[in-house]
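Student: File name run-v1.cif; file contents mmCIF, C-alpha atoms and all ligand atoms; full text below.
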```
data_protein
#
loop_
_atom_site.group_PDB
_atom_site.id
_atom_site.type_symbol
_atom_site.label_atom_id
_atom_site.label_comp_id
_atom_site.auth_asym_id
_atom_site.auth_seq_id
_atom_site.Cartn_x
_atom_site.Cartn_y
_atom_site.Cartn_z
ATOM 1 C CA MET J 1 6.566 -8.407 25.515
ATOM 2 C CA SER J 2 6.988 -9.634 21.952
ATOM 3 C CA GLU J 3 7.431 -7.239 19.066
ATOM 4 C CA ARG J 4 4.181 -5.984 17.517
ATOM 5 C CA ILE J 5 4.420 -6.490 13.779
ATOM 6 C CA ALA J 6 1.872 -4.952 11.419
ATOM 7 C CA ILE J 7 1.473 -5.540 7.704
ATOM 8 C CA TYR J 8 0.368 -2.782 5.383
ATOM 9 C CA PRO J 9 -0.700 -4.644 2.238
ATOM 10 C CA GLY J 10 -1.750 -3.145 -1.067
ATOM 11 C CA SER J 11 -1.047 -2.933 -4.744
ATOM 12 C CA PHE J 12 1.021 0.266 -4.436
ATOM 13 C CA ASP J 13 0.970 0.714 -8.210
ATOM 14 C CA PRO J 14 2.638 3.126 -7.549
ATOM 15 C CA ILE J 15 3.116 4.374 -3.973
ATOM 16 C CA THR J 16 1.429 7.741 -3.340
ATOM 17 C CA PHE J 17 1.670 10.384 -0.611
ATOM 18 C CA GLY J 18 -1.587 8.918 0.794
ATOM 19 C CA HIS J 19 0.077 5.518 1.281
ATOM 20 C CA LEU J 20 3.174 7.159 2.750
ATOM 21 C CA ASP J 21 1.084 9.099 5.237
ATOM 22 C CA ILE J 22 -0.473 5.805 6.402
ATOM 23 C CA VAL J 23 3.015 4.235 6.740
ATOM 24 C CA ARG J 24 4.144 7.169 8.885
ATOM 25 C CA ARG J 25 1.120 6.789 11.183
ATOM 26 C CA ALA J 26 1.554 3.002 11.395
ATOM 27 C CA VAL J 27 5.198 3.385 12.408
ATOM 28 C CA ARG J 28 4.030 5.433 15.428
ATOM 29 C CA CYS J 29 1.688 2.644 16.552
ATOM 30 C CA PHE J 30 3.685 -0.548 15.939
ATOM 31 C CA ASP J 31 7.211 -1.827 16.567
ATOM 32 C CA HIS J 32 7.604 -2.970 13.005
ATOM 33 C CA VAL J 33 5.671 -2.318 9.802
ATOM 34 C CA ARG J 34 5.931 -4.556 6.741
ATOM 35 C CA VAL J 35 4.717 -2.796 3.642
ATOM 36 C CA ALA J 36 3.771 -5.664 1.356
ATOM 37 C CA VAL J 37 2.986 -5.545 -2.343
ATOM 38 C CA ALA J 38 0.277 -8.087 -3.112
ATOM 39 C CA PHE J 39 0.685 -9.637 -6.535
ATOM 40 C CA ASN J 40 -1.007 -12.377 -8.481
ATOM 41 C CA LYS J 41 1.363 -14.275 -10.741
ATOM 42 C CA ASP J 42 -1.565 -16.168 -12.299
ATOM 43 C CA LYS J 43 -3.099 -12.909 -13.468
ATOM 44 C CA PRO J 44 -0.475 -10.137 -13.618
ATOM 45 C CA SER J 45 -1.944 -6.644 -13.618
ATOM 46 C CA GLY J 46 -0.969 -3.042 -13.128
ATOM 47 C CA LEU J 47 1.452 -0.560 -14.616
ATOM 48 C CA PHE J 48 4.603 -1.395 -12.631
ATOM 49 C CA THR J 49 5.926 -4.914 -11.975
ATOM 50 C CA PRO J 50 5.929 -6.066 -8.330
ATOM 51 C CA GLU J 51 9.743 -5.680 -8.342
ATOM 52 C CA GLU J 52 9.488 -2.077 -9.563
ATOM 53 C CA ARG J 53 6.870 -1.279 -6.905
ATOM 54 C CA VAL J 54 9.060 -2.796 -4.177
ATOM 55 C CA ALA J 55 12.096 -0.802 -5.365
ATOM 56 C CA MET J 56 10.132 2.482 -5.283
ATOM 57 C CA LEU J 57 8.707 1.641 -1.851
ATOM 58 C CA GLU J 58 12.170 0.889 -0.489
ATOM 59 C CA GLU J 59 13.458 4.205 -1.717
ATOM 60 C CA VAL J 60 10.660 6.325 -0.288
ATOM 61 C CA THR J 61 10.366 4.529 3.071
ATOM 62 C CA ALA J 62 14.134 4.467 3.714
ATOM 63 C CA GLU J 63 13.780 7.335 6.217
ATOM 64 C CA HIS J 64 12.082 4.893 8.647
ATOM 65 C CA GLY J 65 15.169 2.662 8.792
ATOM 66 C CA ASP J 66 14.657 -0.672 10.567
ATOM 67 C CA HIS J 67 11.066 0.170 11.518
ATOM 68 C CA VAL J 68 9.850 -0.580 8.009
ATOM 69 C CA THR J 69 10.505 -3.569 5.758
ATOM 70 C CA VAL J 70 9.282 -3.726 2.176
ATOM 71 C CA ASP J 71 8.234 -7.076 0.800
ATOM 72 C CA SER J 72 5.863 -8.694 -1.686
ATOM 73 C CA PHE J 73 3.622 -11.701 -1.392
ATOM 74 C CA TYR J 74 1.472 -13.977 -3.484
ATOM 75 C CA GLY J 75 -1.537 -15.799 -2.106
ATOM 76 C CA LEU J 76 -3.626 -15.197 0.970
ATOM 77 C CA LEU J 77 -2.744 -12.263 3.179
ATOM 78 C CA THR J 78 -3.627 -14.363 6.235
ATOM 79 C CA ASP J 79 -1.027 -17.006 5.241
ATOM 80 C CA TYR J 80 1.580 -14.312 4.677
ATOM 81 C CA ALA J 81 0.770 -12.769 8.079
ATOM 82 C CA ALA J 82 1.268 -16.138 9.785
ATOM 83 C CA ARG J 83 4.597 -16.616 7.987
ATOM 84 C CA VAL J 84 6.014 -13.291 9.157
ATOM 85 C CA GLY J 85 4.464 -13.366 12.637
ATOM 86 C CA ALA J 86 2.239 -10.313 12.160
ATOM 87 C CA THR J 87 -0.704 -9.672 14.489
ATOM 88 C CA THR J 88 -2.243 -6.713 12.674
ATOM 89 C CA ILE J 89 -3.264 -5.660 9.185
ATOM 90 C CA ILE J 90 -3.182 -1.939 8.478
ATOM 91 C CA ARG J 91 -5.486 -0.447 5.888
ATOM 92 C CA GLY J 92 -6.020 3.160 4.954
ATOM 93 C CA LEU J 93 -9.442 4.743 4.704
ATOM 94 C CA ARG J 94 -10.324 7.612 2.470
ATOM 95 C CA ALA J 95 -13.916 8.745 1.958
ATOM 96 C CA VAL J 96 -16.939 6.449 2.259
ATOM 97 C CA ALA J 97 -16.087 4.888 -1.110
ATOM 98 C CA ASP J 98 -13.422 2.699 0.534
ATOM 99 C CA PHE J 99 -15.648 1.496 3.320
ATOM 100 C CA ASP J 100 -17.691 -1.243 1.645
ATOM 101 C CA TYR J 101 -14.753 -3.072 0.145
ATOM 102 C CA GLU J 102 -12.551 -2.664 3.226
ATOM 103 C CA PHE J 103 -15.342 -3.880 5.508
ATOM 104 C CA GLN J 104 -15.869 -7.013 3.382
ATOM 105 C CA MET J 105 -12.177 -7.759 3.245
ATOM 106 C CA ALA J 106 -11.630 -7.220 6.982
ATOM 107 C CA LEU J 107 -14.480 -9.597 7.811
ATOM 108 C CA MET J 108 -13.225 -12.225 5.366
ATOM 109 C CA ASN J 109 -9.723 -12.007 6.841
ATOM 110 C CA ARG J 110 -11.183 -12.320 10.335
ATOM 111 C CA HIS J 111 -13.035 -15.432 9.191
ATOM 112 C CA LEU J 112 -9.775 -16.880 7.816
ATOM 113 C CA ALA J 113 -7.619 -15.908 10.804
ATOM 114 C CA SER J 114 -9.562 -14.839 13.885
ATOM 115 C CA ASP J 115 -6.524 -13.641 15.838
ATOM 116 C CA LEU J 116 -5.394 -11.265 13.090
ATOM 117 C CA GLU J 117 -6.831 -7.784 13.693
ATOM 118 C CA THR J 118 -7.449 -5.182 10.965
ATOM 119 C CA VAL J 119 -6.762 -1.597 11.997
ATOM 120 C CA PHE J 120 -7.866 1.343 9.854
ATOM 121 C CA LEU J 121 -5.908 4.551 9.762
ATOM 122 C CA MET J 122 -6.924 7.810 8.139
ATOM 123 C CA ALA J 123 -4.495 9.794 6.078
ATOM 124 C CA ASP J 124 -4.311 13.576 6.241
ATOM 125 C CA ASN J 125 -7.170 15.553 4.603
ATOM 126 C CA GLU J 126 -4.728 16.623 1.982
ATOM 127 C CA TYR J 127 -4.607 13.070 0.583
ATOM 128 C CA LEU J 128 -8.299 12.275 0.837
ATOM 129 C CA TYR J 129 -8.659 12.179 -2.936
ATOM 130 C CA THR J 130 -5.268 10.735 -3.813
ATOM 131 C CA SER J 131 -5.443 7.335 -5.471
ATOM 132 C CA ALA J 132 -2.885 5.382 -7.462
ATOM 133 C CA SER J 133 -5.367 4.825 -10.285
ATOM 134 C CA LEU J 134 -6.158 8.530 -10.650
ATOM 135 C CA VAL J 135 -2.449 9.365 -10.519
ATOM 136 C CA LYS J 136 -1.838 6.911 -13.399
ATOM 137 C CA GLU J 137 -4.638 8.423 -15.424
ATOM 138 C CA VAL J 138 -3.301 11.952 -14.976
ATOM 139 C CA ALA J 139 0.278 10.833 -15.750
ATOM 140 C CA HIS J 140 -0.930 9.054 -18.883
ATOM 141 C CA PHE J 141 -2.094 12.375 -20.294
ATOM 142 C CA GLY J 142 1.039 14.225 -19.173
ATOM 143 C CA GLY J 143 -0.581 16.016 -16.204
ATOM 144 C CA ASP J 144 1.226 17.183 -13.072
ATOM 145 C CA VAL J 145 1.174 14.521 -10.323
ATOM 146 C CA SER J 146 3.775 16.153 -8.093
ATOM 147 C CA GLY J 147 1.301 16.865 -5.264
ATOM 148 C CA HIS J 148 0.365 13.194 -5.052
ATOM 149 C CA VAL J 149 3.562 11.138 -5.400
ATOM 150 C CA PRO J 150 7.226 11.589 -4.422
ATOM 151 C CA GLU J 151 9.477 13.075 -7.101
ATOM 152 C CA THR J 152 11.236 9.784 -7.853
ATOM 153 C CA VAL J 153 7.858 8.102 -8.452
ATOM 154 C CA ALA J 154 6.706 10.952 -10.698
ATOM 155 C CA MET J 155 9.873 10.462 -12.765
ATOM 156 C CA LYS J 156 9.345 6.698 -13.038
ATOM 157 C CA LEU J 157 5.733 7.298 -14.057
ATOM 158 C CA ALA J 158 6.810 9.661 -16.813
ATOM 159 C CA GLU J 159 9.377 7.102 -18.081
ATOM 160 C CA LYS J 160 6.801 4.320 -18.032
ATOM 161 C CA MET J 161 4.326 6.425 -19.989
ATOM 162 C CA LYS J 162 6.994 7.202 -22.581
ATOM 163 C CA GLU J 163 7.851 3.474 -22.957
ATOM 164 C CA ARG J 164 4.209 2.692 -23.509
ATOM 165 C CA LYS J 165 3.669 5.222 -26.317
HETATM 166 P P1 LIG E 1 -5.195 2.140 -4.378
HETATM 167 O O1 LIG E 1 -4.823 1.500 -5.677
HETATM 168 O O2 LIG E 1 -6.674 2.391 -4.216
HETATM 169 O O3 LIG E 1 -4.395 3.347 -4.054
HETATM 170 P P2 LIG E 1 -3.839 0.126 -2.738
HETATM 171 O O4 LIG E 1 -4.255 -1.299 -2.793
HETATM 172 O O5 LIG E 1 -2.507 0.438 -3.290
HETATM 173 O O6 LIG E 1 -5.001 1.007 -3.324
HETATM 174 O O7 LIG E 1 -3.931 0.685 -1.255
HETATM 175 C C1 LIG E 1 -3.571 0.028 -0.094
HETATM 176 C C2 LIG E 1 -4.315 0.629 1.070
HETATM 177 O O8 LIG E 1 -4.026 2.007 1.174
HETATM 178 C C3 LIG E 1 -5.833 0.533 1.000
HETATM 179 O O9 LIG E 1 -6.327 0.273 2.294
HETATM 180 C C4 LIG E 1 -6.264 1.897 0.532
HETATM 181 O O10 LIG E 1 -7.564 2.207 0.993
HETATM 182 C C5 LIG E 1 -5.221 2.746 1.231
HETATM 183 N N1 LIG E 1 -5.037 4.039 0.571
HETATM 184 C C6 LIG E 1 -4.721 4.273 -0.710
HETATM 185 N N2 LIG E 1 -4.623 5.598 -0.958
HETATM 186 C C7 LIG E 1 -4.902 6.221 0.230
HETATM 187 C C8 LIG E 1 -5.011 7.590 0.637
HETATM 188 N N3 LIG E 1 -4.836 8.579 -0.226
HETATM 189 N N4 LIG E 1 -5.329 7.842 1.920
HETATM 190 C C9 LIG E 1 -5.548 6.821 2.789
HETATM 191 N N5 LIG E 1 -5.475 5.512 2.474
HETATM 192 C C10 LIG E 1 -5.164 5.215 1.214
#
```
Spit out the file's structure as structure tokens when you get a sec.

Tutor:
Amino acid sequence: MSERIAIYPGSFDPITFGHLDIVRRAVRCFDHVRVAVAFNKDKPSGLFTPEERVAMLEEVTAEHGDHVTVDSFYGLLTDYAARVGATTIIRGLRAVADFDYEFQMALMNRHLASDLETVFLMADNEYLYTSASLVKEVAHFGGDVSGHVPETVAMKLAEKMKERK
């Protein structure tokens, strides 16, 4: 049987413990997981550059060895999936707030590529309220984000905030 490759796409600006929990669960279900930073070079956005996000992801997913590859892509997720031979898209679900957007996106991706399946995984309760945007807001005002992101990410966040002031 051929290898089952799943893509976990997102902005990962930056990676949080919620994302990492989803990666860990995905690794148990698939032969290979590609964590892919989606970026838009026509309209750059976010705190960290795509390269910085990839570097942080590589560092904190290293424990999974060959099971996880970190990458970035520009353009349609369905085109990227075809390029890398993925059959599944992984998305994480938190509370109901994620549902509407995720539902829309899953149906649009199904319309674009009917053989590409979206699978939703739930992170641990502990990370139900963890979001990259909230983490950035807290870090901006010098708050403690250590329960939400790995130490190396917390350090990079603090540096970034200093640069920006
Ligand atoms: P965000 O900026 O909201 O953290 P991303 O685009 O980086 O979003 O997230 C990629 C995927 O990971 C999305 O499917 C998102 O719902 C999911 N995700 C983000 N944080 C968590 C979390 N704490 N628990 C479960 N899934 C999450």

Student: As a quick test: using all atoms listed in the file, which residues lie no more than 8 Å away from ligand LIG 1 (chain E)? Give them as a short mmCIF file (atom, residue, chain, number, x, y, z; two decimals) with C-alpha atoms, keeping the file's coordinate frame.

Tutor:
```
data_model
loop_
_atom_site.label_atom_id
_atom_site.label_comp_id
_atom_site.auth_asym_id
_atom_site.auth_seq_id
_atom_site.Cartn_x
_atom_site.Cartn_y
_atom_site.Cartn_z
CA TYR J 8 0.37 -2.78 5.38
CA PRO J 9 -0.70 -4.64 2.24
CA GLY J 10 -1.75 -3.14 -1.07
CA SER J 11 -1.05 -2.93 -4.74
CA PHE J 12 1.02 0.27 -4.44
CA ASP J 13 0.97 0.71 -8.21
CA PRO J 14 2.64 3.13 -7.55
CA ILE J 15 3.12 4.37 -3.97
CA THR J 16 1.43 7.74 -3.34
CA PHE J 17 1.67 10.38 -0.61
CA GLY J 18 -1.59 8.92 0.79
CA HIS J 19 0.08 5.52 1.28
CA ASP J 21 1.08 9.10 5.24
CA ILE J 22 -0.47 5.80 6.40
CA ILE J 90 -3.18 -1.94 8.48
CA ARG J 91 -5.49 -0.45 5.89
CA GLY J 92 -6.02 3.16 4.95
CA LEU J 93 -9.44 4.74 4.70
CA ARG J 94 -10.32 7.61 2.47
CA ASP J 98 -13.42 2.70 0.53
CA GLU J 102 -12.55 -2.66 3.23
CA PHE J 120 -7.87 1.34 9.85
CA LEU J 121 -5.91 4.55 9.76
CA MET J 122 -6.92 7.81 8.14
CA ALA J 123 -4.50 9.79 6.08
CA ASP J 124 -4.31 13.58 6.24
CA TYR J 127 -4.61 13.07 0.58
CA LEU J 128 -8.30 12.28 0.84
CA TYR J 129 -8.66 12.18 -2.94
CA THR J 130 -5.27 10.74 -3.81
CA SER J 131 -5.44 7.34 -5.47
CA ALA J 132 -2.88 5.38 -7.46
CA SER J 133 -5.37 4.82 -10.28
#
```

Student: Taking 6 positions as the minimum chain separation for residues in the same chain, which residues sit within 10 Å of His64 (chain J) when counting only C-alpha atoms? Answer as a list in words.

Tutor: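 With the cut-off at 10 Å, the set is Val23, Arg24, Val27, Val33 and Glu58 of chain J.
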
Student: Tell me which of J:Ala97, J:Ala81, J:Thr118, J:Leu57 sits closest to Val149 (chain J), counting only C-alpha atoms.

Tutor: J:Leu57

Student: Using only C-alpha atoms, find the one residue out of J:Gly85, J:Gly75, J:Pro44, J:Val96 that sits nearest to His32 (chain J).

Tutor: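 The closest residue to His32 (chain J) is J:Gly85.
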
Student: Given the file above and the PyMOL selection byres (((chain J and resi 53) around 12) and not hetatm), which residues are selected, and can you give them as a ChimeraX atom specification?

Tutor: /J:10-16,35-39,46-52,54-60,70-72,132,152-153,156-157

Student: Given only C-alpha atoms as the basis, pick out the residue of J:Ala82, J:Met105, J:Leu76, J:Val119 nearest to Cys29 (chain J).

Tutor: J:Val119

Student: Using all atoms listed in the file, find the one residue out of J:Ala106, J:Val145, J:Ala62, J:Ala113 that sits nearest to Ala86 (chain J).

Tutor: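 The shortest atom-to-atom distance to Ala86 (chain J) comes from J:Ala113.
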
Student: Expanded to explicit residues, what is the PyMOL selection byres (((chain J and resi 117) around 8) and not hetatm) for this file, as a list of chain:residue names?

Tutor: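 For this structure, the PyMOL selection byres (((chain J and resi 117) around 8) and not hetatm) captures J:Thr87, J:Thr88, J:Ile89, J:Arg110, J:Ser114, J:Asp115, J:Leu116, J:Thr118, J:Val119.
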
Student: Select, from J:Ile5, J:Ala26, J:Leu107, J:Leu20, the residue with the minimum atom-to-atom distance to Arg83 (chain J), counting all atoms listed in the file.

Tutor: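 When distances to Arg83 (chain J) are compared using all atoms listed in the file, the smallest one comes from J:Ile5.
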
Student: Work out how far apart CA of Arg28 (chain J) and CA of Pro150 (chain J) are and give it in Å to one decimal.

Tutor: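 These atoms are spaced 21.0 Å apart.
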
Student: What is the CA of Phe73 (chain J) to CA of Lys41 (chain J) distance in Å?

Tutor: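 These two atoms are separated by 10.0 Å.
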
Student: So, with only C-alpha atoms as the atoms that count, which of J:Asp66, J:Asp100, J:Ala6, J:Leu112 lies closest to Asp79 (chain J)?

Tutor: J:Leu112

Student: Report, as lines of an AutoDock Vina configuration file, the axis-aligned box around all atoms of region 65-83 of chain J present in the file, extended by 3 Å on each side; give centre and edge lengths in Å to one decimal place.

Tutor:
```
center_x = 5.8
center_y = -7.2
center_z = 4.0
size_x = 24.8
size_y = 25.7
size_z = 21.0
```

Student: In Å, with one decimal, what is the gap from CA of Asp144 (chain J) to CA of Glu126 (chain J)?

Tutor: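 Between CA of Asp144 (chain J) and CA of Glu126 (chain J) the gap works out to 16.2 Å.
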
Student: Once you've located region 149-164 of chain J in the structure I gave, write it as an mmCIF file, in the first residue's frame, keeping N, CA and C atoms.

Tutor:
```
data_model
loop_
_atom_site.group_PDB
_atom_site.id
_atom_site.type_symbol
_atom_site.label_atom_id
_atom_site.label_comp_id
_atom_site.auth_asym_id
_atom_site.auth_seq_id
_atom_site.Cartn_x
_atom_site.Cartn_y
_atom_site.Cartn_z
ATOM 1 N N VAL J 149 3.177 28.286 24.353
ATOM 2 C CA VAL J 149 4.169 28.064 23.277
ATOM 3 C C VAL J 149 5.450 27.471 23.871
ATOM 4 N N PRO J 150 6.208 26.711 23.049
ATOM 5 C CA PRO J 150 7.487 26.193 23.546
ATOM 6 C C PRO J 150 8.428 27.338 23.930
ATOM 7 N N GLU J 151 9.387 27.024 24.786
ATOM 8 C CA GLU J 151 10.290 28.051 25.318
ATOM 9 C C GLU J 151 11.014 28.835 24.214
ATOM 10 N N THR J 152 11.493 28.113 23.209
ATOM 11 C CA THR J 152 12.225 28.765 22.119
ATOM 12 C C THR J 152 11.337 29.781 21.379
ATOM 13 N N VAL J 153 10.054 29.445 21.244
ATOM 14 C CA VAL J 153 9.113 30.357 20.577
ATOM 15 C C VAL J 153 8.851 31.582 21.474
ATOM 16 N N ALA J 154 8.722 31.333 22.761
ATOM 17 C CA ALA J 154 8.489 32.441 23.702
ATOM 18 C C ALA J 154 9.664 33.420 23.629
ATOM 19 N N MET J 155 10.885 32.872 23.505
ATOM 20 C CA MET J 155 12.064 33.737 23.423
ATOM 21 C C MET J 155 12.055 34.550 22.131
ATOM 22 N N LYS J 156 11.712 33.899 21.023
ATOM 23 C CA LYS J 156 11.671 34.593 19.730
ATOM 24 C C LYS J 156 10.575 35.665 19.721
ATOM 25 N N LEU J 157 9.486 35.382 20.409
ATOM 26 C CA LEU J 157 8.398 36.362 20.508
ATOM 27 C C LEU J 157 8.871 37.604 21.262
ATOM 28 N N ALA J 158 9.578 37.345 22.367
ATOM 29 C CA ALA J 158 10.067 38.466 23.178
ATOM 30 C C ALA J 158 11.053 39.315 22.366
ATOM 31 N N GLU J 159 11.935 38.647 21.598
ATOM 32 C CA GLU J 159 12.900 39.393 20.758
ATOM 33 C C GLU J 159 12.168 40.240 19.732
ATOM 34 N N LYS J 160 11.190 39.620 19.084
ATOM 35 C CA LYS J 160 10.426 40.306 18.031
ATOM 36 C C LYS J 160 9.729 41.544 18.600
ATOM 37 N N MET J 161 9.178 41.402 19.793
ATOM 38 C CA MET J 161 8.459 42.519 20.401
ATOM 39 C C MET J 161 9.420 43.657 20.725
ATOM 40 N N LYS J 162 10.640 43.272 21.133
ATOM 41 C CA LYS J 162 11.657 44.283 21.452
ATOM 42 C C LYS J 162 12.042 45.050 20.187
ATOM 43 N N GLU J 163 12.274 44.289 19.079
ATOM 44 C CA GLU J 163 12.633 44.904 17.787
ATOM 45 C C GLU J 163 11.596 45.910 17.343
ATOM 46 N N ARG J 164 10.347 45.593 17.640
ATOM 47 C CA ARG J 164 9.240 46.402 17.136
ATOM 48 C C ARG J 164 9.020 47.686 17.914
#
```
